[in-house]
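K.L.:
entry01.cif is the file, holding mmCIF, C-alpha atoms and all ligand atoms:
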data_upload
loop_
_atom_site.label_atom_id
_atom_site.label_comp_id
_atom_site.auth_asym_id
_atom_site.auth_seq_id
_atom_site.Cartn_x
_atom_site.Cartn_y
_atom_site.Cartn_z
CA MET A 1 93.27 116.95 113.86
CA LYS A 2 97.04 117.04 114.11
CA ILE A 3 98.87 116.28 110.89
CA ILE A 4 101.42 114.12 112.68
CA ASP A 5 98.55 111.75 113.57
CA ILE A 6 97.67 111.41 109.88
CA LEU A 7 101.32 110.86 108.96
CA SER A 8 101.72 108.22 111.65
CA LYS A 9 99.12 105.99 110.01
CA LYS A 10 100.34 103.32 107.65
CA ASN A 11 97.92 104.01 104.80
CA MET A 12 98.92 106.08 101.77
CA SER A 13 97.72 109.65 101.56
CA LEU A 14 97.79 112.72 99.37
CA SER A 15 97.70 116.34 100.52
CA PHE A 16 97.34 119.56 98.55
CA GLU A 17 98.69 123.09 98.82
CA VAL A 18 96.77 126.28 98.15
CA PHE A 19 97.73 129.93 98.44
CA PRO A 20 95.79 132.94 99.72
CA PRO A 21 94.76 135.86 97.49
CA LYS A 22 97.06 138.83 96.97
CA LYS A 23 94.20 141.31 97.18
CA GLU A 24 90.86 141.40 98.89
CA SER A 25 88.91 141.44 95.63
CA SER A 26 90.14 137.90 94.85
CA PHE A 27 89.29 136.51 98.28
CA ASP A 28 85.90 135.01 97.36
CA ASN A 29 87.31 133.36 94.27
CA VAL A 30 90.19 131.81 96.22
CA VAL A 31 87.78 130.56 98.88
CA LYS A 32 85.75 128.92 96.11
CA VAL A 33 88.68 127.06 94.55
CA THR A 34 90.08 125.98 97.92
CA GLU A 35 86.63 124.63 98.82
CA GLU A 36 86.53 122.67 95.54
CA ILE A 37 89.84 121.07 96.44
CA ALA A 38 88.70 120.43 100.03
CA ALA A 39 85.59 118.69 98.71
CA CYS A 40 87.92 115.97 97.29
CA LYS A 41 88.79 115.17 100.95
CA PRO A 42 92.59 115.10 100.77
CA ALA A 43 94.48 114.00 103.90
CA PHE A 44 95.17 117.66 104.66
CA MET A 45 95.61 120.99 102.92
CA SER A 46 98.39 123.49 103.47
CA VAL A 47 97.78 127.20 103.07
CA THR A 48 100.84 129.28 102.23
CA TYR A 49 101.80 132.61 103.78
CA GLY A 50 102.99 135.73 101.96
CA ALA A 51 106.35 136.46 103.55
CA GLY A 52 106.08 140.21 102.93
CA GLY A 53 102.74 140.32 104.74
CA GLY A 54 100.71 141.04 101.57
CA THR A 55 98.64 137.87 101.60
CA SER A 56 99.38 136.76 105.14
CA ARG A 57 96.20 137.92 106.82
CA TYR A 58 94.12 135.59 104.65
CA THR A 59 96.07 132.40 105.45
CA LEU A 60 94.28 131.72 108.72
CA ASP A 61 90.83 132.63 107.37
CA ILE A 62 91.20 130.21 104.46
CA ALA A 63 92.62 127.44 106.64
CA LYS A 64 89.80 127.79 109.16
CA ASN A 65 87.12 127.87 106.47
CA ILE A 66 88.38 124.58 104.97
CA GLU A 67 88.42 122.87 108.37
CA GLU A 68 85.02 124.09 109.42
CA LYS A 69 83.15 123.46 106.18
CA TYR A 70 84.90 120.32 104.91
CA ASP A 71 86.42 118.76 108.01
CA VAL A 72 89.77 118.61 106.20
CA PRO A 73 92.74 119.31 108.52
CA THR A 74 94.81 122.30 107.45
CA LEU A 75 98.40 123.39 107.86
CA ALA A 76 98.79 127.16 108.16
CA HIS A 77 102.17 128.41 106.94
CA LEU A 78 103.95 131.17 108.87
CA THR A 79 107.19 132.95 107.96
CA CYS A 80 109.37 134.98 110.31
CA VAL A 81 112.28 136.72 108.63
CA SER A 82 110.44 139.92 107.68
CA SER A 83 108.60 140.05 110.99
CA SER A 84 109.22 141.43 114.44
CA HIS A 85 108.78 139.34 117.60
CA ALA A 86 105.62 141.29 118.35
CA MET A 87 104.14 140.49 114.92
CA VAL A 88 104.85 136.77 115.29
CA GLU A 89 103.46 136.72 118.83
CA GLU A 90 100.29 138.34 117.55
CA LYS A 91 99.95 135.71 114.81
CA ILE A 92 100.51 132.87 117.27
CA ASP A 93 97.86 134.31 119.62
CA LYS A 94 95.47 134.56 116.68
CA MET A 95 96.13 130.92 115.75
CA LYS A 96 95.38 129.79 119.28
CA GLU A 97 92.23 131.88 119.37
CA MET A 98 91.07 130.33 116.06
CA GLY A 99 91.94 126.78 117.13
CA ILE A 100 94.64 126.32 114.46
CA GLU A 101 96.60 123.19 115.43
CA ASN A 102 99.09 122.74 112.59
CA VAL A 103 101.71 125.30 111.61
CA MET A 104 104.44 125.19 108.96
CA ALA A 105 107.34 127.18 110.45
CA LEU A 106 109.35 128.93 107.76
CA ARG A 107 111.99 131.58 107.47
CA GLY A 108 110.64 133.06 104.24
CA ASP A 109 112.76 134.30 101.35
CA LEU A 110 115.05 137.26 101.87
CA THR A 111 113.67 140.23 99.94
CA PRO A 112 116.14 142.59 98.17
CA GLU A 113 115.15 145.34 100.66
CA LEU A 114 115.85 143.08 103.63
CA GLU A 115 119.17 141.99 102.16
CA LYS A 116 120.31 145.62 102.17
CA THR A 117 119.89 145.80 105.94
CA ASP A 118 122.14 144.47 108.72
CA PRO A 119 121.06 140.91 109.75
CA ASN A 120 121.96 141.80 113.33
CA THR A 121 118.94 144.11 113.37
CA TRP A 122 116.53 141.33 112.34
CA ASP A 123 114.37 139.70 115.00
CA TYR A 124 114.58 136.35 113.17
CA LYS A 125 117.37 134.93 111.01
CA HIS A 126 116.31 131.30 110.64
CA ALA A 127 113.20 129.14 110.80
CA VAL A 128 114.57 127.22 113.78
CA GLU A 129 113.89 130.30 115.95
CA LEU A 130 110.22 130.20 114.94
CA VAL A 131 110.04 126.45 115.59
CA ARG A 132 111.32 127.07 119.14
CA GLU A 133 108.86 129.90 119.69
CA LEU A 134 105.89 127.83 118.48
CA LYS A 135 106.96 124.89 120.62
CA GLU A 136 107.00 127.10 123.70
CA ALA A 137 103.80 128.93 122.81
CA GLY A 138 101.39 126.02 122.71
CA ASP A 139 100.45 122.53 121.67
CA PHE A 140 101.03 122.99 117.94
CA CYS A 141 101.93 120.28 115.46
CA ILE A 142 104.88 121.89 113.67
CA GLY A 143 106.11 121.30 110.12
CA ALA A 144 109.34 122.63 108.60
CA ALA A 145 110.85 122.80 105.12
CA CYS A 146 113.70 120.76 103.68
CA TYR A 147 115.58 120.77 100.40
CA PRO A 148 116.64 117.53 98.66
CA GLU A 149 118.69 119.64 96.24
CA VAL A 150 120.15 121.88 99.00
CA HIS A 151 118.77 125.30 99.95
CA PRO A 152 120.28 127.97 97.65
CA ASP A 153 121.74 129.91 100.63
CA SER A 154 123.68 126.87 101.86
CA PRO A 155 127.36 126.49 101.03
CA ASN A 156 126.95 122.70 100.80
CA GLN A 157 124.57 119.84 101.60
CA LYS A 158 126.35 118.83 104.77
CA GLU A 159 125.65 122.19 106.41
CA ASP A 160 122.10 122.30 105.08
CA LEU A 161 121.36 118.87 106.55
CA ILE A 162 122.72 119.96 109.94
CA HIS A 163 120.36 122.95 109.96
CA ILE A 164 117.39 120.79 108.94
CA LYS A 165 118.18 118.50 111.86
CA GLU A 166 118.31 121.55 114.17
CA LYS A 167 114.68 122.30 113.26
CA VAL A 168 113.64 118.76 114.14
CA ASP A 169 115.63 118.84 117.39
CA ALA A 170 113.89 122.14 118.20
CA GLY A 171 110.46 120.53 117.84
CA ALA A 172 109.45 120.15 114.17
CA ASP A 173 107.17 117.10 113.99
CA PHE A 174 107.57 116.55 110.25
CA LEU A 175 109.31 117.93 107.17
CA THR A 176 108.01 118.73 103.69
CA THR A 177 110.41 118.97 100.78
CA GLN A 178 110.86 121.61 98.16
CA MET A 179 109.42 120.42 94.83
CA VAL A 180 111.37 117.61 93.17
CA PHE A 181 111.02 116.45 89.59
CA ASP A 182 113.38 113.51 89.94
CA ASN A 183 112.43 111.08 92.71
CA ASN A 184 115.98 109.76 92.97
CA LEU A 185 117.04 113.13 94.40
CA PHE A 186 114.41 112.70 97.10
CA PHE A 187 115.52 109.14 97.89
CA ASN A 188 119.19 110.23 98.11
CA PHE A 189 118.21 113.04 100.49
CA LEU A 190 116.10 110.69 102.58
CA TYR A 191 119.02 108.31 102.97
CA LYS A 192 121.36 111.12 104.10
CA ILE A 193 118.97 112.75 106.56
CA ARG A 194 118.04 109.39 108.12
CA GLU A 195 121.77 108.68 108.53
CA LEU A 196 121.98 111.85 110.63
CA GLY A 197 119.36 110.36 112.96
CA VAL A 198 116.33 112.35 111.79
CA THR A 199 113.35 110.01 112.16
CA VAL A 200 110.31 112.31 111.70
CA PRO A 201 108.05 111.82 108.64
CA ILE A 202 109.39 113.50 105.49
CA ILE A 203 106.81 114.35 102.85
CA PRO A 204 108.00 114.72 99.26
CA GLY A 205 106.54 117.76 97.46
CA ILE A 206 105.39 117.22 93.88
CA MET A 207 104.57 120.12 91.58
CA PRO A 208 102.44 119.26 88.53
CA ILE A 209 103.65 121.54 85.74
CA THR A 210 100.59 122.15 83.59
CA ASN A 211 101.78 124.94 81.32
CA ALA A 212 105.10 125.77 79.74
CA ASN A 213 105.34 129.24 81.36
CA GLN A 214 105.31 127.62 84.79
CA VAL A 215 108.60 125.83 84.09
CA GLU A 216 110.84 128.88 84.23
CA ARG A 217 109.07 130.23 87.32
CA ALA A 218 109.27 126.88 89.10
CA ILE A 219 113.00 126.51 88.42
CA LYS A 220 113.70 130.12 89.46
CA LEU A 221 111.73 129.69 92.66
CA SER A 222 113.07 126.30 93.67
CA GLY A 223 116.33 125.80 91.78
CA SER A 224 115.04 122.26 91.17
CA PHE A 225 116.62 120.02 88.56
CA MET A 226 114.46 119.25 85.52
CA PRO A 227 115.18 115.79 84.10
CA GLN A 228 115.58 115.49 80.33
CA ARG A 229 112.43 113.33 80.23
CA PHE A 230 110.45 116.27 81.57
CA LYS A 231 112.20 118.84 79.36
CA SER A 232 111.22 116.76 76.31
CA ILE A 233 107.58 116.90 77.37
CA VAL A 234 107.73 120.70 77.63
CA ASP A 235 109.60 121.00 74.29
CA TYR A 236 107.11 118.80 72.49
CA PHE A 237 103.79 119.77 74.09
CA GLY A 238 104.56 123.25 75.45
CA ASP A 239 102.70 125.06 72.66
CA ASP A 240 99.52 122.99 73.06
CA PRO A 241 97.94 123.97 76.42
CA ASP A 242 95.63 120.94 76.70
CA ALA A 243 98.34 118.45 75.75
CA MET A 244 100.86 120.13 78.09
CA LYS A 245 98.40 119.99 80.97
CA GLN A 246 97.65 116.32 80.39
CA ALA A 247 101.33 115.44 80.04
CA GLY A 248 102.29 117.49 83.16
CA ILE A 249 99.65 115.78 85.28
CA ALA A 250 100.70 112.36 83.94
CA TYR A 251 104.33 113.12 84.82
CA ALA A 252 103.39 114.16 88.38
CA THR A 253 101.14 111.09 88.73
CA ASP A 254 104.00 108.87 87.63
CA GLN A 255 106.25 110.41 90.31
CA ILE A 256 103.56 109.92 92.98
CA ILE A 257 103.03 106.26 92.05
CA ASP A 258 106.80 105.66 92.10
CA LEU A 259 106.99 107.21 95.59
CA TYR A 260 104.14 105.02 96.90
CA ALA A 261 105.68 101.96 95.25
CA ASN A 262 108.90 102.63 97.13
CA GLY A 263 107.26 102.81 100.53
CA ILE A 264 106.58 106.55 100.84
CA THR A 265 103.10 106.84 102.30
CA ASN A 266 102.49 110.59 102.25
CA VAL A 267 102.89 112.82 99.21
CA HIS A 268 102.20 116.56 99.11
CA VAL A 269 101.03 118.09 95.82
CA TYR A 270 101.66 121.74 95.05
CA SER A 271 98.22 122.02 93.50
CA MET A 272 98.35 125.82 93.30
CA ASN A 273 94.62 126.66 93.56
CA LYS A 274 93.81 124.40 90.61
CA PRO A 275 90.90 122.11 91.55
CA ASP A 276 90.93 120.40 88.15
CA VAL A 277 94.56 119.39 88.63
CA ALA A 278 93.92 118.13 92.18
CA LYS A 279 90.85 116.15 91.07
CA THR A 280 92.61 114.54 88.09
CA ILE A 281 95.58 113.48 90.19
CA LEU A 282 93.32 112.01 92.87
CA SER A 283 91.34 110.17 90.23
CA ASN A 284 94.56 108.85 88.64
CA VAL A 285 95.55 107.20 91.92
CA SER A 286 92.08 106.42 93.30
CA ASP A 287 92.43 102.62 93.18
CA ILE A 288 95.95 102.82 94.55
CA LEU A 289 94.79 104.83 97.54
CA GLY A 290 91.64 102.77 97.93
CA LYS A 291 88.36 103.89 99.38
CA ASP A 292 89.73 104.65 102.79
CA PHE A 293 92.62 106.71 101.51
CA ASN A 294 92.40 109.94 103.36
CA ARG A 295 92.13 109.54 107.12
P1 LIG A 301 115.71 128.01 107.17
O1 LIG A 301 115.44 126.70 107.79
O2 LIG A 301 116.03 129.15 108.07
O3 LIG A 301 116.91 127.80 106.13
C1 LIG A 301 117.32 128.86 105.26
C2 LIG A 301 118.83 128.75 105.00
O4 LIG A 301 119.54 129.06 106.20
C3 LIG A 301 119.28 127.35 104.59
O5 LIG A 301 120.34 127.50 103.70
C4 LIG A 301 119.77 126.75 105.90
O6 LIG A 301 120.73 125.72 105.70
C5 LIG A 301 120.36 127.96 106.58
N1 LIG A 301 120.28 127.89 108.05
C6 LIG A 301 119.22 127.44 108.79
N2 LIG A 301 119.49 127.55 110.11
C7 LIG A 301 120.73 128.08 110.20
C8 LIG A 301 121.58 128.44 111.29
N3 LIG A 301 121.18 128.25 112.56
N4 LIG A 301 122.79 128.96 111.01
C9 LIG A 301 123.21 129.15 109.74
N5 LIG A 301 122.46 128.83 108.66
C10 LIG A 301 121.25 128.30 108.90
N6 LIG A 301 107.87 130.83 101.63
C11 LIG A 301 106.89 131.74 101.94
O7 LIG A 301 107.14 132.94 101.90
N7 LIG A 301 105.64 131.32 102.29
C12 LIG A 301 105.30 130.00 102.36
O8 LIG A 301 104.15 129.67 102.69
C13 LIG A 301 106.30 129.03 102.04
N8 LIG A 301 106.03 127.70 102.11
C14 LIG A 301 107.03 126.78 101.86
C15 LIG A 301 106.77 125.41 101.99
C16 LIG A 301 107.76 124.47 101.73
C17 LIG A 301 107.46 123.01 101.88
C18 LIG A 301 109.04 124.90 101.30
C19 LIG A 301 110.12 123.88 100.99
C20 LIG A 301 109.33 126.25 101.18
C21 LIG A 301 108.33 127.21 101.46
N9 LIG A 301 108.59 128.58 101.36
C22 LIG A 301 107.60 129.50 101.67
C23 LIG A 301 109.89 129.07 100.92
C24 LIG A 301 110.85 129.29 102.11
O9 LIG A 301 110.39 130.37 102.90
C25 LIG A 301 112.25 129.60 101.51
O10 LIG A 301 112.76 128.47 100.87
C26 LIG A 301 113.25 130.22 102.46
O11 LIG A 301 114.33 130.73 101.68
C27 LIG A 301 113.85 129.26 103.50
O12 LIG A 301 112.93 128.91 104.43
P2 LIG A 301 113.27 127.80 105.55
O13 LIG A 301 112.15 127.78 106.48
O14 LIG A 301 113.71 126.54 104.91
O15 LIG A 301 114.55 128.51 106.23
#
Before anything else, please render the file you have as structure tokens.
P.N.:
Amino acid sequence: MKIIDILSKKNMSLSFEVFPPKKESSFDNVVKVTEEIAACKPAFMSVTYGAGGGTSRYTLDIAKNIEEKYDVPTLAHLTCVSSSHAMVEEKIDKMKEMGIENVMALRGDLTPELEKTDPNTWDYKHAVELVRELKEAGDFCIGAACYPEVHPDSPNQKEDLIHIKEKVDAGADFLTTQMVFDNNLFFNFLYKIRELGVTVPIIPGIMPITNANQVERAIKLSGSFMPQRFKSIVDYFGDDPDAMKQAGIAYATDQIIDLYANGITNVHVYSMNKPDVAKTILSNVSDILGKDFNR
């Protein structure tokens, strides 16, 4: 099933993100946790892609397994900046062969090694090139990333918004945001991107922070703003793992409910291979979503 068809429906939905293993020995364990999340029947599940290639070969296997065993649509991520045209073509052929319909087209982060080389020698500089290639290659439903707090490489929001629009004009069917901890930043972004004429669905990404160590990593990775209300939770409960987990899930739930209450129908949760977190969040909003919440 194409994700754009799920997003076009009027009912509220929740989707989850999982990531593939870094090494083969963890593969079975990752399959197990992704299956536990799939058993909750979210609207769809996204499976990330290791930009350096390390975990990339498992993305498609995990996505396909979820679809086949649980009938949950999946979104396979694909990055391009560290790849050659031949590598990307091979991946696209593999996706077609496996019947993968939904692809998240990403640039990937620039590694320190890559940054030392001349960009003119790279086959891909930006995600928009991958969006174009996917659009030409087949009948894929294509997602792309967007940044309510501006991508760190961008000189300003105006330029960032222009490049997000380029991805939509090139064929991206929907956008998913970087994690936000303050919904107002998402609503401000939504207003600005709609003003530019971008009409595709935009899914806010919510990251439940369930332990204090995650905070630093999440900020480093995303550059996202942490509201004082959230910092107080970490300060007060950070040393008590159970309390921190409960408070982090409650905070994420509160954000999700606020998004639904303001007319946002689809929310993506960075559930990070944690079935207990996914299940608790789903249970927290079960009456809000209703029985027929997923598809
Ligand atoms: P782009 O759209 O290429 O944007 C990158 C920067 O270049 C931005 O500053 C943009 O404004 C600028 N830019 C874009 N086009 C142009 C242009 N034509 N000219 C000049 N400047 C331009 N990373 C992974 O490795 N694996 C994953 O699975 C993964 N999943 C993600 C999912 C989501 C929802 C998000 C938000 C991010 C994800 N990332 C993932 C991280 C992502 O790869 C990085 O944030 C990366 O730095 C940018 O990727 P992008 O696709 O947004 O790039």
K.L.:
Could you please determine the separation between atom CA of A:Thr280 and atom CA of A:Asp242 in Å, to one decimal place?
P.N.:
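The value is 13.4 Å.
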K.L.:
Given 4 Å of margin on each side, can you work out the centre and size in Å (one decimal) of an axis-aligned box holding every listed atom of ligand LIG 301 (chain A), as AutoDock Vina command-line options?
P.N.:
--center_x 113.7 --center_y 128.0 --center_z 106.7 --size_x 27.1 --size_y 17.9 --size_z 19.7
K.L.:
At a cut-off of 8 Å and counting all atoms listed in the file, what residues surround ligand LIG 301 (chain A)? Please answer as a PyMOL selection string.
P.N.:
chain A and resi 19+47-52+77-79+104-110+125-128+144-147+150-155+159-164+166-167+175-179+205+222
K.L.:
If we count all atoms listed in the file, what is near stretch 85-96 of chain A at a cut-off of 8 Å, once residues fewer than 5 positions away on the same chain are taken out, given as JSON, numbers by chain?
P.N.:
{"A": [60, 80, 101, 123, 124, 134, 137, 138]}
K.L.:
Could you state the separation of atom CA of A:Glu68 and atom CA of A:Val200 in Å, given to one decimal place?
P.N.:
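Interatomic distance here is 28.0 Å.
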K.L.:
I want to know what sits within 9 Å of A:Gly197, based on only C-alpha atoms, with residues of the same chain fewer than 3 positions away left out; could you give that as a list in words?
P.N.:
Lys165, Ile193 and Arg194 of chain A
K.L.:
What is the atom CA of A:Asn11 to atom CA of A:Lys279 distance in Å?
P.N.:
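So the answer is 19.6 Å.
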K.L.:
Excluding same-chain residues fewer than 6 positions from stretch 246-256 of chain A, what lies within 9 Å of it counting all atoms listed in the file, as a PyMOL selection string?
P.N.:
chain A and resi 181-183+206-211+230+233-234+237+267+269+277+280-282+284-285
K.L.:
Which residues, written as JSON, numbers by chain, have at least one atom at most 6 Å from A:Asn102, with all atoms listed in the file counted and residues fewer than 3 positions away on the same chain left out?
P.N.:
{"A": [75, 140, 141, 142]}
K.L.:
Write the residues of the preceding selection, restricted to C-alpha atoms, as a CSV table (one decimal), in the coordinates of the input.
P.N.:
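That gives us out-v8.csv:
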chain,number,residue,atom,x,y,z
A,75,LEU,CA,98.4,123.4,107.9
A,140,PHE,CA,101.0,123.0,117.9
A,141,CYS,CA,101.9,120.3,115.5
A,142,ILE,CA,104.9,121.9,113.7
K.L.:
Residues near stretch 30-45 of chain A, anyone? I mean within 8 Å using all atoms listed in the file, not counting same-chain ones fewer than 3 positions away, as a list in words.
P.N.:
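Contacts, in chain order: Ile3, Ile6, Ser13, Leu14, Ser15, Phe16, Glu17, Val18, Pro20, Pro21, Ser26, Phe27, Ile62, Ile66, Tyr70, Val72, Pro73, Thr74, Leu75, Asn273, Lys274, Pro275, Ala278, Lys279, Phe293, Asn294 and Arg295 of chain A.
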